[in-house]
Every structure is written in structure tokens, then in C-alpha cells.
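Visitor: The structure that follows is given in the form of C-alpha cells.
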Amino acid sequence: MITAVRKPMAEILGYAAQFDNILLLGCNECVTVCYAGGRKEVGILASALSLAFLKEGKKLAITEHTLERQCDPEFVEELAQTIEQYDAIFSMACGCGVQTLAGRYKDKPVFPMVNTQFMGASERQGVWAERCAGCGDCVLAYTGGICPVARCSKRIFNGPCGGSTKGKCEIDPGVDCAWQLIWDRLKALGRTDLYSQIMPAKDWRTAKDGGPRRIVREDLLS
Amino acid sequence: MAWADKLKSGEFVVVAEMETPKGVDISNFVAHARHLKGRVDAALVPDMSFAVMRLSALVGATVLKEQGLEPIVQFNCRDRNRLALQSDLLGAQVLGLRNIMAVEGEGVQMGDHLNAKPVYDLSALEFLEAADGLCHGQDMAGQELLGRTKFCLGAHIERWGDPVGLSLRLAEAQAAVRKGASFLVAPPVFDLEAFAVLARETRSLGVPVIASVLLLKSVGMARYMNQNLLGTNISEGTIKRIRTASDRPAECVKIAAETVRELQSLCGGVLLLTAGWESRLPEILEAAGY
């Protein structure tokens, strides 16, 4: 899923200062799962904003609402009838949701309430870690199911580098060396032959480096 | 006269672009440089333009300096992060290369290493800011330097296709000057009227605008550019002149030289681009009266 964390309150208050009436909009997908921008977090932020305004002797009308998916035009469309009454939308979705709103409601200011982080998985309650960089050409079959693009600090394809010590990365002793993990897993699988094959220099065109990406499924086009 | 002083003098400057070779044989590069000595105010060394891998611009500029030319080194932001860019800027200073021009760099999609990973850690504006910082004795991390750089910085005005595009380019040019650019290089001029608008609008920036003059090589090249390059408008009259000429390359040289002369009253100088025909540079200069 896409992970996110809420922006600092001071930044959000800076955005809100110019408005009287906002729509605080949550998303029922990824940001709900990572407790950053779902229905519950919309309620918490609305209360915090109201209190901060009251403290300053001001009033901010906040309408709380949560869409099923902010990154899907079908769900974003449901705001069409009511959007006019708000000065701005404060979106608690990831960057995809914020941009879908901005693209649909062109004359309405939209502000992000969260900092979108990465595509990750839950390690345990309250901990998420990056697992996929969306490079567009998955190599997990050759690396024991551990991604060198997302999990190696240097994104190297034939590791480990000299910064790997006792299974940890030089950037932080709390970070596992992806290539140590890859080696351990290939060993466990009896596939160290994969490690001995030198990977060619990566073709980055399939990743973000080839420019903004798009998927077009002709079979689904209406 | 050093490039920076030449710019300050307000004289019309003539610069030749000198593309480094794709390889290590610099004999032609040096031979072309020898023919330019004393005939141009500076030689601009592109930094892997159109993302084609070539000999380093820093090395090319050093070779030109050894040949007695005043080099301007281009730095693209596509291939190096801020550490490498700053490090190479320090290197430029030590090598005696004082004239630096910032470019964003064409995307790797246009070049010959399509699967490369572009960097773009900095944009051209941030690069100028960083280079200016080095001139004030400080790197981007705020660390003090052992000795300062002394650069004459320049920036590029990208192509535009309509008045909205032009206003964006003007805003960028203004920002570049604010960040320390002492000269601006405009894209190839084929339509003097359109260029005159830019020249007029940039006059208040207080730095010379150097118009590029691209040597056309053929009718096909002219047509290709009209169709594929934003804002390029090579007139049918020019295309006809090339098509009907008995000596087409000579006619192309003549056209380029005429453009140089016509630009003298419009801007601060010209940059001669020959796209691999550096051997023709002396003829263009001769025909333009230099």
C-alpha cells in the first residue's frame, strides 16, 4: 500500500489561516490502513483545527467527509453537487488523491494534509517499511523475493557494497543490508547460483527515470 | 580580453560551439580550435548535449584553453548530483576555467544511452545558486571552502512556441539573472521578428543575450526542424535558397553569416552552432566579417 504521515500541525494551520469554510476529506484506502488519513484521522484533525482556531478567537467551519477512493474519478465525482459551498479542500489522501481532486475541481484550492511516503508493508503494529520502488521491471524472482531497488540504500544490483557490516547498512545500524538478506534467503532456498550471475546495468526507462508513467489497458477502455 | 570583461565592455561577442569528440581522438577538435584562435571571443563546450555520451566538457575546455581559446564550459544537471557538480566546479576553477554555463540537459530519452538513470538533483537555477555560493566561499551544505571560485556564470533560454511560452522563458531568464547569470544564450534564430520580441523584453535584465545561429546543412534538416522543434520557423524563402543553390553548403554558410550580421543590432552577441560542421566555422566568420 501507499503509506503516509500527517503533516505538522503548524503547516496545516498555515494553509487554513486564509479560509473560513473547508472540506476536510479523508480516503478509505491506503491512508486509512496506515492510520494517516481515514475517517478517524479526519475527525482528529478536524478537532485539532477547530481548537487551534478557537484559541486564536477565530472560527473555521469544517465539513468532515471520507471518500471510498480519492484517486478514482468515480468516487471524486460525488463531491460535484456540494463542492461550491467550500473555500477549499483539505485532502488527507496521498498525492494521487490530491491530484485527482485538483484535476477534477480546477477552480477549487486543494491542500495536502499528509506527506506521502512510500509503497510499503506492515512489519508489525505501527511499523511500515518500504518494500517496492515501482521500478517497472521486477527482479524479485532473482533476488530471493527481496528488492534491491527499494531496500538497498544505494539501489545497487550486484551487492553488497563495502558499507555492509554484520548484516546492517552503513547509513544506519537499524537498517538491514538488503544484499545480506538476499544472500541469506538464496542460501536458504538453495539458489546461490542466482547470486553468482552478475546482473546487467539496469534499464531505468521502466522506472520513474523514463518520465511520468501510464498504463493503458486497451481491453478495459470504454 | 577575458570573457567577463568582454561582456562588460558591451561589444558584440562572437562565440563558437565546439562539441567534444565521441572518443579520445582529439586531433580534429584541436585542428578546429587552431582555426578559431584570435577569431572568436569564446568557445562554448557543450556538456553531452542531446544526452549523447562524449568526452567530458571539462576536459574539452581545458584542451581549448591550451590552444589559446577562451572556453565557456557547459554544466548539465542531468548527469551529476550536487556533490559531483560542485566538485567539478571546484575542478574548473583549478583548471583555470572561469566561464560556466548552466543547462538543465536534454532528457536521456533523446540520446544514445536510453536506459540511463537521469539525475536532476538540481535544476539549472539551483545550479547557478550553488556556483554563486562557491564564489562566496561556501558550498551547498554551508561548509567553508579553502579558497573561493571566481566564475562568470551564464544560463540558457529554452525554446518557446507561443506568447505564453515566451513569458515563461522571460520569467526563467529573470530568475537566472537574479541567481547570478551574467549572460544568457537564446535558441537558434531563424525568425528575426520573433527574436526581436525576446531581445526587447530581455533588455531590462541588464545582461547580454547571445543569440544562437545554427548552420543549416540541408533542406531536409530545415524541414525536420520546422516540423519537430518547438518555435522553429525557417521560412520557405530560406529553404528555397538552399534547394536551388548550386553549392548548397556554401549557401548555408552564407545564410548563417547573414543572420549574424542582422543580429548585430538586436542583441549582445552570437553563438555559432554547426552541429558537427566545425570545419565550416572559419567560412561563416569570414562571410560575417570576422
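Simple scheme: letters A, B, ... for chains in C-alpha cells order, numbers from 1 for residues in each chain, numbers from 1 for ligands in the order shown.
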Please build the interface table for chain A against chain B with a cut-off of 6 Å, listing for each qualifying residue the nearest atom pair and the distance in Å to one decimal; count only C-alpha atoms, order rows by chain and increasing number, and write it as a tab-separated table.

Guide:
```
residue	atom	partner	partner_atom	distance
A:Asp203	CA	B:Asn115	CA	4.4
A:Trp204	CA	B:Asn115	CA	5.2
A:Arg205	CA	B:Asn115	CA	5.4
A:Asp209	CA	B:Lys117	CA	5.8
```

Visitor: I'd like the neighbourhood of Thr32 of chain A as a count of residues only, where a residue qualifies if any of its atoms comes within 10 Å (using only C-alpha atoms), though same-chain residues fewer than 5 positions away should be ignored.

Guide: 13

Visitor: May I ask which of the residues B:Pro188, B:Pro208, B:Gly38, B:Gly111 is the closest one to Gly268 of chain B, counting only C-alpha atoms?

Guide: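 Answer, going by the shortest atom-to-atom distance: B:Pro208.
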
Visitor: What lies within 10 Å of Leu58 of chain B using only C-alpha atoms, ignoring chain neighbours under 4 positions off, as a ChimeraX atom specification?

Guide: /B:20,45-47,62-64,71-75,88-89,91-92,95,97

Visitor: Please, what distance in Å, to one decimal, runs between atom CA of Leu24 of chain A and atom CA of Gly103 of chain A?

Guide: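 Atom CA of Gly103 of chain A lies at a distance of 17.5 Å from atom CA of Leu24 of chain A.
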
Visitor: List the spatial neighbours of Gly231 of chain B as number ranges by chain - criterion: any atom at most 7 Å away, only C-alpha atoms, same-chain residues fewer than 5 positions off excluded.

Guide: B: 159-161

Visitor: Those same residues, written as a CSV table (one decimal), in the first residue's frame with C-alpha atoms?

Guide:
```
chain,number,residue,atom,x,y,z
B,159,ARG,CA,12.7,27.4,-26.9
B,160,TRP,CA,9.2,28.8,-26.8
B,161,GLY,CA,6.3,28.2,-29.1
```

Visitor: I'd like the neighbourhood of Asp87 of chain A as a compact mmCIF listing (two decimals) with N, CA, C and O atoms, in the first residue's frame, where a residue qualifies if any of its atoms comes within 9 Å (using only C-alpha atoms), though same-chain residues fewer than 4 positions away should be ignored.

Guide:
```txt
# COMPACT_ATOMS: atom_id res chain seq x y z
N PHE A 19 -8.83 30.70 5.16
CA PHE A 19 -10.18 30.23 4.82
C PHE A 19 -11.14 30.26 6.01
O PHE A 19 -10.72 30.26 7.16
N ASP A 20 -12.45 30.28 5.66
CA ASP A 20 -13.49 30.25 6.69
C ASP A 20 -14.24 28.93 6.70
O ASP A 20 -14.87 28.56 7.69
N ASN A 21 -14.23 28.27 5.53
CA ASN A 21 -15.12 27.12 5.37
C ASN A 21 -14.43 26.05 4.51
O ASN A 21 -14.24 26.26 3.31
N ILE A 22 -14.02 24.97 5.11
CA ILE A 22 -13.27 23.97 4.34
C ILE A 22 -13.93 22.59 4.38
O ILE A 22 -14.71 22.29 5.29
N LEU A 23 -13.58 21.81 3.36
CA LEU A 23 -13.99 20.41 3.33
C LEU A 23 -12.76 19.59 3.70
O LEU A 23 -11.74 19.66 3.00
N ILE A 83 -19.45 20.85 -3.80
CA ILE A 83 -18.10 21.44 -3.73
C ILE A 83 -18.11 22.97 -3.67
O ILE A 83 -17.26 23.60 -3.02
N LYS A 108 -10.95 25.05 -7.49
CA LYS A 108 -11.02 24.90 -6.03
C LYS A 108 -9.62 24.59 -5.47
O LYS A 108 -8.98 23.62 -5.88
N PRO A 109 -9.14 25.41 -4.53
CA PRO A 109 -7.82 25.10 -3.97
C PRO A 109 -7.85 23.76 -3.21
O PRO A 109 -8.80 23.49 -2.49
```

Visitor: Which neighbours of Gly162 of chain A fall inside 12 Å, counting only C-alpha atoms, when residues of the same chain fewer than 5 positions from it are skipped, and could you give them as a ChimeraX atom specification?

Guide: /A:154,156,167-171,177,179-180

Visitor: Could you name the residues that touch Leu153 of chain B at 12 Å or less, counting only C-alpha atoms, but leaving out those on the same chain fewer than 2 positions away, as a PyMOL selection string?

Guide: chain B and resi 3-4+7+72-75+89+97-103+124-125+127-135+149-151+155-156+176-185+207-208

Visitor: Just the alpha helix (DSSP H) stuff from segment 22-180 of chain A, please, per backbone DSSP, written as a ChimeraX atom specification.

Guide: /A:30-33,39-55,73-76,95-104,148-151,178-180
